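Visitor: One structure, pasted below without further comment.
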Amino acid sequence: MKKSTISSMLAATSGMLVSGAVWADYQLNLREPQSALARDVYDLHTMINLVCLVIFIVVFGAMFYSIWKHRKSVGHKAAHFHESTTVEIIWTIIPFFILIGMAYPATKSVLEMKDTSNPDMTIKVTGYQWKWEYDYLKDGVKFMSTLKTPREQIENQQAKGEHYLLEVDNELVVPVNKKVRVLLTAGDVIHAWWVPELAVKQDAIPGFIRDAWFKSETTGTFRGQCVELCGKDHAFMPIVVKVVTQEEFDAWLASKKQGAATAAAENTKTFTQDELMAKGEQVYNTNCAACHQANGMGVPGAFPAISGSKVATGPIDAHIKLVLNGKPGTAMAAFGGQLSEADVAAVVTFQRNGLGNSVGDMAQPSQVAGLKGGAEAAAPAGN
Ligand SMILES: [Cu+2]
């Protein structure tokens, strides 16, 4: 990979101040770019910083020199002149060229970022409070990616791990050296998808589709975060992109497809109460506990308790429908599009018979399927 001359110039400049190793340790710079576009962004940042530095030195140098050299105590007499056309022209022309010199490469990079034509693959990314959904459009593979950092680390009951708040259960897996186009939207409020090493940063807006692209030149794991303040757990919806070789990607995709087939088979199965409870607890902890809390007590004033809830202890069809369709205008999202029918049946059964409730009934996937009619209307725009 070609390191640009500008980067080495800055490295040399900074090397005069602190040794290179120290510089790297402090991580004062942008993260190491992993794509041609990311390198352009990095170089632009370096170049514009250098321009600022030079202007700073020249302007302040001239100012301090003049103040010192022409001070009254050495008997300097001020010049008396007005309106110098030469000076006016010089201080218009020079900034003009400086600005053009910065705007030209910047515009080129921005245009390149917007050019999502001829991708090798397209992935639809949907932001939800507070997780990301990845949909491999051509392959029928679709999953949620949620924070994996344990609650104990967040609440300071455990030492923080290496990738604290930057780790997820299901990474976005993509092949190396392929142009990946991402279509971004959101299911509730505005989120933003940002992976600095790959130079992608794009708002995900409900009801709109925006696109961006990246092409990683190296394999590896690159981490980013939601960068649009999106509510209580905004800091808890990281993005992890795992770039692998084409063979690894194909194997991963095949296993994901297998998993989808298993899930489809589950949707036609009749479960026992125990199976539903075990599965439901998992679904609950991954999808619902962020708001309703692991013990089902909710957060007073914000998220209702499931323990003793009128819905979770009332008619089961209404309970299922609420989970499928959500409650528009509240943080209770529609889960009909994200969870399988078996997952919904399990989580509903768990809410009715766990978390302090003991209704005694259970839901089956077929029952959920029968109630799904209204799910489409409440599904996020763009689905
Ligand atoms: Cu967000």
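In the structure tokens, each chain is lettered A, B, ... as it comes, each chain's residues begin at 1, and ligands are numbered from 1 in order of appearance.
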Taking a cut-off of 7 Å and counting only C-alpha atoms and all ligand atoms, can you build a table that, for each residue of chain A near ligand 1, reports the nearest atom pair and how far apart they are in Å (one decimal), sorted by chain then residue number, as a Markdown table?

Guide:
| residue | atom | partner | partner_atom_place_in_ligand_line | distance |
| --- | --- | --- | --- | --- |
| A:Gly127 | CA | ligand 1 | 1 (Cu) | 6.4 |
| A:Tyr128 | CA | ligand 1 | 1 (Cu) | 6.8 |
| A:Gln129 | CA | ligand 1 | 1 (Cu) | 6.2 |
| A:Trp130 | CA | ligand 1 | 1 (Cu) | 6.0 |
| A:Ile190 | CA | ligand 1 | 1 (Cu) | 6.8 |
| A:His191 | CA | ligand 1 | 1 (Cu) | 4.0 |
| A:Ala192 | CA | ligand 1 | 1 (Cu) | 6.2 |
| A:Cys226 | CA | ligand 1 | 1 (Cu) | 4.7 |
| A:Val227 | CA | ligand 1 | 1 (Cu) | 6.7 |
| A:Glu228 | CA | ligand 1 | 1 (Cu) | 5.7 |
| A:Leu229 | CA | ligand 1 | 1 (Cu) | 6.2 |
| A:Cys230 | CA | ligand 1 | 1 (Cu) | 4.6 |
| A:His234 | CA | ligand 1 | 1 (Cu) | 5.0 |
| A:Met237 | CA | ligand 1 | 1 (Cu) | 6.3 |

Visitor: Write out as a ChimeraX atom specification each polymer residue whose atoms come within 12 Å of segment 91-97 of chain A, counting only C-alpha atoms; drop sequence neighbours fewer than 4 positions from it.

Guide: /A:51-52,55,59,84-87,101-104

Visitor: From the DSSP assignment of the backbone, select every residue of segment 114-252 of chain A that is helix (DSSP H, G or I), and format the answer as a list in words.

Guide: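 Result set for segment 114-252 of chain A (helix (DSSP H, G or I)): Lys114, Arg151, Glu152, Gln153, Ile154, Pro196, Glu197, Leu198, His234, Ala235, Phe236, Gln246, Glu247, Glu248, Phe249, Asp250, Ala251 and Trp252 of chain A.
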
Visitor: Filtering to C-alpha atoms, could you give me those residues as a tab-separated table (two decimals), in the first residue's frame?

Guide:
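What landed in part29.tsv:
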chain	number	residue	atom	x	y	z
A	114	LYS	CA	-21.32	9.34	-3.72
A	151	ARG	CA	-24.14	-5.25	31.39
A	152	GLU	CA	-21.69	-5.82	34.28
A	153	GLN	CA	-18.91	-4.01	32.39
A	154	ILE	CA	-21.18	-1.07	31.65
A	196	PRO	CA	-13.89	5.34	10.06
A	197	GLU	CA	-11.32	2.90	8.66
A	198	LEU	CA	-13.49	2.41	5.58
A	234	HIS	CA	-27.25	5.69	21.49
A	235	ALA	CA	-23.84	4.71	22.83
A	236	PHE	CA	-24.80	1.03	22.79
A	246	GLN	CA	-14.05	-14.57	-0.66
A	247	GLU	CA	-13.86	-18.27	0.36
A	248	GLU	CA	-14.49	-17.46	4.02
A	249	PHE	CA	-17.35	-15.22	3.00
A	250	ASP	CA	-18.96	-17.93	0.87
A	251	ALA	CA	-18.71	-20.41	3.75
A	252	TRP	CA	-20.19	-17.89	6.17

Visitor: So that I can check the secondary structure, give me every residue of segment 220-277 of chain A assigned strand (DSSP E) by backbone DSSP, as a PyMOL selection string.

Guide: chain A and resi 220-226+239-244

Visitor: Do you have, as a tab-separated table, the list of residues of segment 71-157 of chain A lying at most 6 Å from segment 165-186 of chain A, each with its nearest atom pair and that distance in Å to one decimal, counting only C-alpha atoms and ordered by chain then number?

Guide:
residue	atom	partner	partner_atom	distance
A:Pro119	CA	A:Lys179	CA	5.0
A:Asp120	CA	A:Lys179	CA	5.1
A:Met121	CA	A:Val180	CA	5.2
A:Thr122	CA	A:Arg181	CA	4.7
A:Ile123	CA	A:Val182	CA	4.9
A:Lys124	CA	A:Leu183	CA	4.6
A:Val125	CA	A:Leu184	CA	4.9
A:Thr126	CA	A:Ala186	CA	4.8
A:Gly127	CA	A:Ala186	CA	4.4
A:Ser145	CA	A:Asn170	CA	4.9
A:Thr146	CA	A:Val168	CA	5.2
A:Leu147	CA	A:Val168	CA	4.4
A:Lys148	CA	A:Val168	CA	4.5
A:Thr149	CA	A:Leu165	CA	5.7

Visitor: When you count only C-alpha atoms, which of these residues is closest to Gln282 of chain A: A:Thr218, A:Gln351, A:Gln157, A:Ser73?

Guide: A:Gln351
